[in-house]
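J.: Enclosed is the structure file final_22.csv (CSV, C-alpha atoms).
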chain,number,residue,atom,x,y,z
A,479,MET,CA,-111.8,-38.9,-109.9
A,480,GLN,CA,-108.7,-40.8,-110.9
A,481,ARG,CA,-106.6,-37.8,-110.2
A,482,LYS,CA,-107.4,-38.1,-106.5
A,483,HIS,CA,-106.3,-41.8,-106.5
A,484,ALA,CA,-102.9,-40.9,-108.0
A,485,GLY,CA,-101.5,-39.2,-105.0
A,486,ALA,CA,-98.4,-41.3,-104.3
A,487,ALA,CA,-96.1,-38.5,-105.4
A,488,LEU,CA,-97.5,-36.3,-102.6
A,489,ILE,CA,-96.6,-38.6,-99.8
A,490,VAL,CA,-93.5,-36.8,-98.6
A,491,VAL,CA,-95.1,-33.4,-99.0
A,492,GLY,CA,-98.3,-34.4,-97.3
A,493,ILE,CA,-96.6,-35.8,-94.2
A,494,ALA,CA,-94.5,-32.7,-93.9
A,495,LEU,CA,-97.6,-30.5,-93.9
A,496,VAL,CA,-99.4,-32.2,-91.1
A,497,GLY,CA,-99.5,-30.1,-88.0
A,498,CYS,CA,-99.9,-31.0,-84.4
A,499,THR,CA,-103.4,-29.6,-83.9
A,500,PRO,CA,-106.0,-32.3,-83.4
A,501,ALA,CA,-108.4,-32.5,-86.3
A,502,PRO,CA,-112.1,-32.0,-85.6
A,503,SER,CA,-114.3,-35.1,-85.5
A,504,VAL,CA,-116.6,-35.6,-88.5
A,505,GLU,CA,-119.3,-38.2,-88.0
A,506,ALA,CA,-119.3,-41.0,-90.7
A,507,PRO,CA,-122.4,-40.7,-92.8
A,508,GLU,CA,-124.9,-43.5,-93.3
A,509,VAL,CA,-125.5,-45.0,-96.8
A,510,ALA,CA,-129.0,-44.8,-98.3
A,511,TRP,CA,-129.4,-47.2,-101.2
A,512,GLN,CA,-131.7,-45.6,-103.8
A,513,ASP,CA,-133.2,-48.7,-105.3
A,514,GLY,CA,-132.0,-51.4,-103.0
A,515,ALA,CA,-128.6,-52.7,-101.9
A,516,PRO,CA,-126.5,-54.6,-104.4
A,517,SER,CA,-127.6,-58.2,-104.9
A,518,GLY,CA,-126.7,-61.1,-107.1
A,519,GLU,CA,-124.6,-64.3,-107.1
A,520,LEU,CA,-121.2,-62.6,-107.1
A,521,GLU,CA,-122.3,-60.3,-104.3
A,522,GLU,CA,-122.3,-63.3,-102.0
A,523,SER,CA,-118.5,-63.8,-102.7
A,524,PRO,CA,-116.4,-62.8,-99.7
A,525,TRP,CA,-113.8,-61.4,-102.1
A,526,VAL,CA,-116.4,-59.1,-103.7
A,527,GLN,CA,-117.6,-58.1,-100.2
A,528,ALA,CA,-114.1,-57.2,-99.3
A,529,VAL,CA,-113.8,-54.9,-102.3
A,530,ARG,CA,-117.0,-53.2,-101.4
A,531,ALA,CA,-116.0,-52.8,-97.8
A,532,SER,CA,-112.7,-51.3,-98.8
A,533,ASP,CA,-114.3,-48.9,-101.2
A,534,LEU,CA,-116.8,-47.8,-98.6
A,535,ALA,CA,-114.1,-47.3,-96.0
A,536,LEU,CA,-111.9,-45.3,-98.4
A,537,ASN,CA,-114.8,-43.1,-99.6
A,538,THR,CA,-116.0,-42.5,-96.0
A,539,ALA,CA,-112.4,-41.6,-95.0
A,540,TRP,CA,-112.3,-39.1,-97.9
A,541,VAL,CA,-115.5,-37.3,-97.0
A,542,THR,CA,-114.8,-37.3,-93.2
A,543,ARG,CA,-111.1,-36.5,-93.7
A,544,ASP,CA,-110.5,-39.3,-91.1
A,545,TYR,CA,-108.0,-42.0,-92.0
A,546,THR,CA,-107.8,-43.5,-88.5
A,547,ALA,CA,-111.0,-45.6,-88.7
A,548,LYS,CA,-110.6,-49.3,-87.9
A,549,GLU,CA,-112.8,-50.1,-90.9
A,550,LEU,CA,-110.1,-48.7,-93.2
A,551,GLU,CA,-107.3,-50.5,-91.5
A,552,GLU,CA,-109.2,-53.8,-91.6
A,553,THR,CA,-110.3,-53.7,-95.2
A,554,THR,CA,-107.6,-51.9,-97.2
A,555,GLU,CA,-103.9,-52.4,-97.8
A,556,ALA,CA,-101.9,-49.7,-96.1
A,557,LEU,CA,-100.5,-48.0,-99.2
A,558,VAL,CA,-103.9,-47.1,-100.7
A,559,PRO,CA,-105.2,-45.0,-97.8
A,560,GLN,CA,-101.8,-43.4,-97.5
A,561,GLN,CA,-102.0,-42.3,-101.1
A,562,LEU,CA,-105.5,-41.0,-100.8
A,563,TYR,CA,-104.7,-39.2,-97.6
A,564,ASN,CA,-101.8,-37.3,-99.2
A,565,ALA,CA,-103.9,-36.6,-102.3
A,566,GLN,CA,-106.4,-35.0,-100.1
A,567,ILE,CA,-103.7,-32.9,-98.4
A,568,GLY,CA,-102.9,-31.7,-101.9
A,569,GLU,CA,-106.5,-30.8,-102.5
A,570,ALA,CA,-106.5,-28.8,-99.3
A,571,ARG,CA,-103.4,-26.9,-100.3
A,572,ARG,CA,-105.1,-25.9,-103.6
A,573,GLU,CA,-108.2,-24.9,-101.8
A,574,GLU,CA,-110.2,-27.3,-103.8
A,575,PHE,CA,-112.4,-30.1,-102.5
A,576,GLY,CA,-114.0,-32.9,-104.5
A,577,VAL,CA,-116.1,-35.5,-102.6
A,578,PHE,CA,-117.6,-38.9,-103.2
A,579,PRO,CA,-121.4,-38.8,-102.9
A,580,GLY,CA,-121.4,-42.4,-101.6
A,581,PRO,CA,-119.8,-45.8,-102.1
A,582,THR,CA,-118.6,-46.1,-105.7
A,583,PRO,CA,-121.2,-47.7,-107.9
A,584,MET,CA,-119.9,-51.0,-109.2
A,585,ILE,CA,-120.9,-54.3,-110.7
A,586,PRO,CA,-118.7,-57.3,-110.0
A,587,LEU,CA,-117.8,-59.2,-113.2
A,588,ALA,CA,-115.6,-62.1,-112.1
A,589,VAL,CA,-113.6,-63.5,-109.2
A,590,ASP,CA,-110.3,-65.3,-110.0
A,591,GLU,CA,-109.5,-67.1,-106.7
A,592,GLU,CA,-105.8,-67.8,-107.0
A,593,SER,CA,-105.5,-69.5,-103.6
A,594,ASP,CA,-107.3,-69.7,-100.2
A,595,THR,CA,-105.7,-66.4,-99.3
A,596,GLN,CA,-105.7,-64.4,-102.5
A,597,ALA,CA,-108.0,-63.5,-105.4
A,598,VAL,CA,-108.4,-60.9,-108.2
A,599,VAL,CA,-111.8,-59.3,-108.5
A,600,ARG,CA,-112.8,-57.7,-111.8
A,601,VAL,CA,-115.4,-55.0,-111.3
A,602,CYS,CA,-117.2,-52.4,-113.5
A,603,VAL,CA,-116.6,-49.2,-111.6
A,604,ALA,CA,-117.9,-45.6,-112.0
A,605,THR,CA,-115.1,-43.2,-112.9
A,606,ASN,CA,-117.2,-40.1,-112.7
A,607,TRP,CA,-118.5,-40.6,-109.2
A,608,PHE,CA,-117.7,-37.3,-107.5
A,609,LEU,CA,-119.1,-33.9,-106.6
A,610,THR,CA,-117.3,-30.6,-106.9
A,611,ALA,CA,-118.3,-27.0,-106.4
A,612,ASP,CA,-118.7,-26.7,-110.2
A,613,GLN,CA,-120.4,-30.0,-110.5
A,614,PRO,CA,-122.5,-30.3,-107.3
A,615,ASP,CA,-125.2,-32.8,-108.6
A,616,VAL,CA,-124.9,-36.5,-108.2
A,617,PRO,CA,-124.0,-38.0,-111.6
A,618,GLU,CA,-126.9,-39.7,-113.3
A,619,ASN,CA,-125.1,-41.1,-116.3
A,620,LEU,CA,-122.3,-43.2,-114.9
A,621,VAL,CA,-119.2,-43.8,-116.9
A,622,GLY,CA,-118.0,-47.4,-116.3
A,623,GLU,CA,-114.5,-48.9,-116.6
A,624,VAL,CA,-113.4,-52.4,-115.8
A,625,LYS,CA,-110.9,-52.4,-112.9
A,626,GLU,CA,-109.1,-55.1,-111.0
A,627,TYR,CA,-108.7,-55.4,-107.3
A,628,ARG,CA,-106.3,-57.8,-105.6
A,629,VAL,CA,-107.7,-59.1,-102.3
A,630,VAL,CA,-105.6,-61.0,-99.7
A,631,GLY,CA,-106.4,-62.7,-96.5
A,632,THR,CA,-108.8,-65.2,-95.1
A,633,GLU,CA,-111.2,-64.0,-92.3
A,634,ASN,CA,-110.0,-60.4,-92.6
A,635,ARG,CA,-109.6,-59.8,-96.3
A,636,ARG,CA,-108.0,-56.6,-97.5
A,637,ALA,CA,-108.3,-55.1,-101.0
A,638,THR,CA,-105.7,-53.1,-102.9
A,639,GLY,CA,-106.1,-51.3,-106.1
A,640,PRO,CA,-108.0,-50.7,-108.3
A,641,ALA,CA,-105.8,-51.3,-111.3
A,642,PRO,CA,-107.4,-49.8,-114.5
A,643,THR,CA,-107.8,-51.9,-117.6
A,644,ALA,CA,-109.1,-49.2,-120.1
A,645,GLU,CA,-112.1,-51.4,-120.8
A,646,GLU,CA,-115.4,-49.6,-120.9
A,647,CYS,CA,-118.4,-51.3,-119.2
A,648,ASP,CA,-122.1,-50.6,-118.6
A,649,LEU,CA,-123.3,-49.5,-115.2
A,650,SER,CA,-127.0,-48.9,-116.0
A,651,ASP,CA,-128.0,-51.7,-113.6
A,652,ALA,CA,-125.7,-50.7,-110.8
A,653,SER,CA,-127.1,-50.2,-107.3
A,654,VAL,CA,-126.5,-46.6,-106.2
A,655,GLY,CA,-126.0,-45.6,-102.6
A,656,LEU,CA,-125.7,-42.1,-101.3
A,657,PHE,CA,-124.2,-40.8,-98.2
A,658,ASP,CA,-126.7,-39.3,-95.7
A,659,PRO,CA,-126.0,-36.5,-95.2
A,660,LEU,CA,-124.6,-35.8,-98.7
A,661,PRO,CA,-121.2,-34.2,-98.5
A,662,ASP,CA,-120.9,-30.6,-99.3
A,663,PRO,CA,-118.4,-30.1,-102.2
A,664,THR,CA,-118.1,-26.3,-101.4
A,665,GLU,CA,-116.8,-27.0,-97.9
A,666,THR,CA,-113.2,-25.8,-97.3
A,667,TYR,CA,-110.6,-27.3,-95.0
A,668,SER,CA,-107.0,-27.2,-94.1
A,669,PRO,CA,-104.3,-29.9,-93.8
A,670,ASP,CA,-104.7,-29.8,-90.1
A,671,ASP,CA,-108.3,-31.0,-90.5
A,672,VAL,CA,-107.2,-34.4,-91.9
A,673,LYS,CA,-106.7,-37.1,-89.4
A,674,GLU,CA,-103.7,-39.1,-90.5
A,675,PRO,CA,-103.3,-42.9,-90.0
A,676,SER,CA,-100.9,-44.1,-87.5
Reformat the file's structure so that it appears as structure tokens.
T.:
Amino acid sequence: MQRKHAGAALIVVGIALVGCTPAPSVEAPEVAWQDGAPSGELEESPWVQAVRASDLALNTAWVTRDYTAKELEETTEALVPQQLYNAQIGEARREEFGVFPGPTPMIPLAVDEESDTQAVVRVCVATNWFLTADQPDVPENLVGEVKEYRVVGTENRRATGPAPTAEECDLSDASVGLFDPLPDPTETYSPDDVKEPS
């Protein structure tokens, strides 16, 4: 899935492709936790909660093709949704569509609070968390990698990242949540179907 997070080079192309036709509304799915929502001491940290909120907002934006949601603006540094938005435009041009089946499974490992307004959160994150037409089933054996998110703010914390570390990690105890309804990886769309951020 990392190929979808590396869409910075598509920014100019993506913006140029956006038409003036209003995109159809796609309702944001609910999240159904399979064996209970994430819990634990680090889950109480507002820095970790900010990372989870940003991840959910980004994955929801991806499956709904709507980058105008206030949840995205409130939880995520602007550059990240812009990159994902343009990466998705690239997918539309190739007539391919990969989707997240839910919020990315993750286990928080550490929080380095650098100040009252900034922290680095280390998380074990699933790197194979996606569905495609050729791989339509939800992954059962999750591949974990340690990644670092930088979170800034006080009341409204925003996350940016994640930055990979190339460190492998174990996700066997990760809570898994699925979107309800589950996105259809065989669905096709055009660039005009993507709602761009202001």
J.: For a test of reading the model, state the distance in Å between atom CA of A:Glu618 and atom CA of A:Cys647, rounded to one decimal.
T.: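 Spanning atom CA of A:Glu618 to atom CA of A:Cys647 is a straight-line distance of 15.5 Å.
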J.: One decimal, in Å: what's the spacing between atom CA of A:Pro586 and atom CA of A:Ser653?
T.: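 These atoms are spaced 11.3 Å apart.
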J.: Name the residues, using the chain letters and numbers of the file, that sit within 9 Å of (-111.6, -50.6, -107.1) when counting only C-alpha atoms, and give them as a VMD selection string.
T.: chain A and resid 529 to 530 532 to 533 582 584 599 to 603 625 to 627 637 to 642
J.: If you keep C-alpha atoms, can you produce a file of those selected residues as a short mmCIF file (atom, residue, chain, number, x, y, z; two decimals), in the frame of the given file?
T.:
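What landed in selection.cif:
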data_model
loop_
_atom_site.label_atom_id
_atom_site.label_comp_id
_atom_site.auth_asym_id
_atom_site.auth_seq_id
_atom_site.Cartn_x
_atom_site.Cartn_y
_atom_site.Cartn_z
CA VAL A 529 -113.80 -54.90 -102.30
CA ARG A 530 -117.00 -53.20 -101.40
CA SER A 532 -112.70 -51.30 -98.80
CA ASP A 533 -114.30 -48.90 -101.20
CA THR A 582 -118.60 -46.10 -105.70
CA MET A 584 -119.90 -51.00 -109.20
CA VAL A 599 -111.80 -59.30 -108.50
CA ARG A 600 -112.80 -57.70 -111.80
CA VAL A 601 -115.40 -55.00 -111.30
CA CYS A 602 -117.20 -52.40 -113.50
CA VAL A 603 -116.60 -49.20 -111.60
CA LYS A 625 -110.90 -52.40 -112.90
CA GLU A 626 -109.10 -55.10 -111.00
CA TYR A 627 -108.70 -55.40 -107.30
CA ALA A 637 -108.30 -55.10 -101.00
CA THR A 638 -105.70 -53.10 -102.90
CA GLY A 639 -106.10 -51.30 -106.10
CA PRO A 640 -108.00 -50.70 -108.30
CA ALA A 641 -105.80 -51.30 -111.30
CA PRO A 642 -107.40 -49.80 -114.50
#
J.: State, in Å with one decimal place, the distance from atom CA of A:Ala528 to atom CA of A:Asn619.
T.: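 Separation of atom CA of A:Ala528 and atom CA of A:Asn619: 25.9 Å.
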J.: My list of candidates is A:Val577, A:Ala570, A:Ala510, A:Leu562. Which is closest to A:Ala611 when distances are computed with all atoms listed in the file?
T.: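 Using all atoms listed in the file, the shortest distance to A:Ala611 belongs to A:Val577.
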J.: Considering all atoms listed in the file, return as a list in words whatever protein or nucleic-acid residues lie within 7 Å of A:Ala644, sequence-local ones (same chain, fewer than 2 positions apart) excluded.
T.: Glu623, Val624, Pro642 and Glu646 of chain A
J.: Grab the residues selected above and save them as a PDB file, in the coordinates of the input with C-alpha atoms.
T.:
ATOM      1  CA  GLU A 623    -114.500 -48.900-116.600  1.00  0.00           C
ATOM      2  CA  VAL A 624    -113.400 -52.400-115.800  1.00  0.00           C
ATOM      3  CA  PRO A 642    -107.400 -49.800-114.500  1.00  0.00           C
ATOM      4  CA  GLU A 646    -115.400 -49.600-120.900  1.00  0.00           C
TER       5      GLU A 646
END
J.: Here's a test: counting only C-alpha atoms, identify every protein, DNA and RNA residue with an atom at most 9 Å from (-114.6, -39.4, -96.1) in the file's coordinate frame, and state them as a ChimeraX atom specification.
T.: /A:504,506-507,535-545,577-578,661
J.: Kindly indicate which residue among A:Val672, A:Val629, A:Leu550, A:Ala604 lies nearest to A:Asp590, using all atoms listed in the file for the distances.
T.: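 Answer, going by the shortest atom-to-atom distance: A:Val629.
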J.: Given all atoms listed in the file as the basis, pick out the residue of A:Gly631, A:Pro617, A:Pro516, A:Pro559 nearest to A:Thr595.
T.: A:Gly631
J.: When distances are computed from only C-alpha atoms, which of A:Leu620, A:Ala556, A:Val598, A:Ala652 shows the smallest separation from A:Trp525?
T.: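 Checking each of A:Leu620, A:Ala556, A:Val598, A:Ala652 against A:Trp525, counting only C-alpha atoms, the winner is A:Val598.
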J.: In terms of the shortest atom-to-atom distance over all atoms listed in the file, which of A:Ser517, A:Thr554, A:Asn564, A:Asn606 is closest to A:Ile585?
T.: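 For A:Ile585, the nearest of the candidates is A:Ser517.
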J.: Between A:Glu521, A:Glu665, A:Asp615, A:Glu549, which is the closest to A:Leu534 once you count all atoms listed in the file?
T.: A:Glu549
J.: Could you please fill out stretch 501-522 of chain A with N, CA, C and O atoms and send it back as a short mmCIF file (atom, residue, chain, number, x, y, z; two decimals), in the coordinates of the input?
T.:
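What ended up in rebuild.cif:
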data_model
loop_
_atom_site.label_atom_id
_atom_site.label_comp_id
_atom_site.auth_asym_id
_atom_site.auth_seq_id
_atom_site.Cartn_x
_atom_site.Cartn_y
_atom_site.Cartn_z
N ALA A 501 -107.38 -32.81 -85.30
CA ALA A 501 -108.40 -32.50 -86.30
C ALA A 501 -109.78 -32.70 -85.67
O ALA A 501 -109.98 -33.55 -84.80
N PRO A 502 -110.74 -31.87 -86.09
CA PRO A 502 -112.10 -32.00 -85.60
C PRO A 502 -112.72 -33.30 -86.02
O PRO A 502 -112.43 -33.80 -87.10
N SER A 503 -113.59 -33.88 -85.19
CA SER A 503 -114.30 -35.10 -85.50
C SER A 503 -115.40 -34.84 -86.52
O SER A 503 -116.17 -33.89 -86.35
N VAL A 504 -115.49 -35.68 -87.55
CA VAL A 504 -116.60 -35.60 -88.50
C VAL A 504 -117.27 -36.96 -88.49
O VAL A 504 -116.64 -37.98 -88.74
N GLU A 505 -118.54 -36.98 -88.17
CA GLU A 505 -119.30 -38.20 -88.00
C GLU A 505 -119.39 -38.92 -89.39
O GLU A 505 -119.70 -38.29 -90.39
N ALA A 506 -119.15 -40.23 -89.42
CA ALA A 506 -119.30 -41.00 -90.70
C ALA A 506 -120.75 -41.03 -91.09
O ALA A 506 -121.63 -41.31 -90.27
N PRO A 507 -121.03 -40.75 -92.36
CA PRO A 507 -122.40 -40.70 -92.80
C PRO A 507 -122.95 -42.16 -93.01
O PRO A 507 -122.19 -43.12 -93.17
N GLU A 508 -124.26 -42.29 -92.98
CA GLU A 508 -124.90 -43.50 -93.30
C GLU A 508 -124.98 -43.65 -94.85
O GLU A 508 -124.75 -42.68 -95.58
N VAL A 509 -125.31 -44.84 -95.35
CA VAL A 509 -125.50 -45.00 -96.80
C VAL A 509 -126.96 -45.36 -97.04
O VAL A 509 -127.53 -46.27 -96.43
N ALA A 510 -127.60 -44.58 -97.92
CA ALA A 510 -129.00 -44.80 -98.30
C ALA A 510 -129.02 -45.34 -99.72
O ALA A 510 -128.69 -44.61 -100.67
N TRP A 511 -129.38 -46.61 -99.89
CA TRP A 511 -129.40 -47.20 -101.20
C TRP A 511 -130.72 -46.76 -101.91
O TRP A 511 -131.82 -46.90 -101.38
N GLN A 512 -130.58 -46.22 -103.11
CA GLN A 512 -131.70 -45.60 -103.80
C GLN A 512 -132.73 -46.58 -104.28
O GLN A 512 -133.93 -46.33 -104.19
N ASP A 513 -132.31 -47.71 -104.82
CA ASP A 513 -133.20 -48.70 -105.30
C ASP A 513 -132.90 -50.10 -104.81
O ASP A 513 -133.04 -51.10 -105.51
N GLY A 514 -132.42 -50.16 -103.60
CA GLY A 514 -132.00 -51.40 -103.00
C GLY A 514 -130.55 -51.67 -103.03
O GLY A 514 -129.85 -51.21 -103.93
N ALA A 515 -130.06 -52.37 -102.02
CA ALA A 515 -128.60 -52.70 -101.90
C ALA A 515 -128.22 -53.66 -103.00
O ALA A 515 -129.07 -54.34 -103.60
N PRO A 516 -126.94 -53.72 -103.32
CA PRO A 516 -126.50 -54.60 -104.40
C PRO A 516 -126.85 -56.08 -104.07
O PRO A 516 -126.80 -56.52 -102.92
N SER A 517 -127.24 -56.81 -105.11
CA SER A 517 -127.60 -58.20 -104.90
C SER A 517 -127.17 -58.99 -106.18
O SER A 517 -126.88 -58.41 -107.22
N GLY A 518 -127.11 -60.30 -106.04
CA GLY A 518 -126.70 -61.10 -107.10
C GLY A 518 -125.71 -62.20 -106.64
O GLY A 518 -125.19 -62.12 -105.51
N GLU A 519 -125.45 -63.20 -107.47
CA GLU A 519 -124.60 -64.30 -107.10
C GLU A 519 -123.21 -63.89 -106.65
O GLU A 519 -122.70 -64.32 -105.61
N LEU A 520 -122.58 -63.03 -107.44
CA LEU A 520 -121.20 -62.60 -107.10
C LEU A 520 -121.16 -61.75 -105.87
O LEU A 520 -120.12 -61.67 -105.21
N GLU A 521 -122.27 -61.10 -105.53
CA GLU A 521 -122.30 -60.30 -104.30
C GLU A 521 -122.13 -61.11 -103.07
O GLU A 521 -121.78 -60.59 -102.01
N GLU A 522 -122.40 -62.43 -103.16
CA GLU A 522 -122.30 -63.30 -102.00
C GLU A 522 -120.80 -63.71 -101.79
O GLU A 522 -120.46 -64.26 -100.74
#
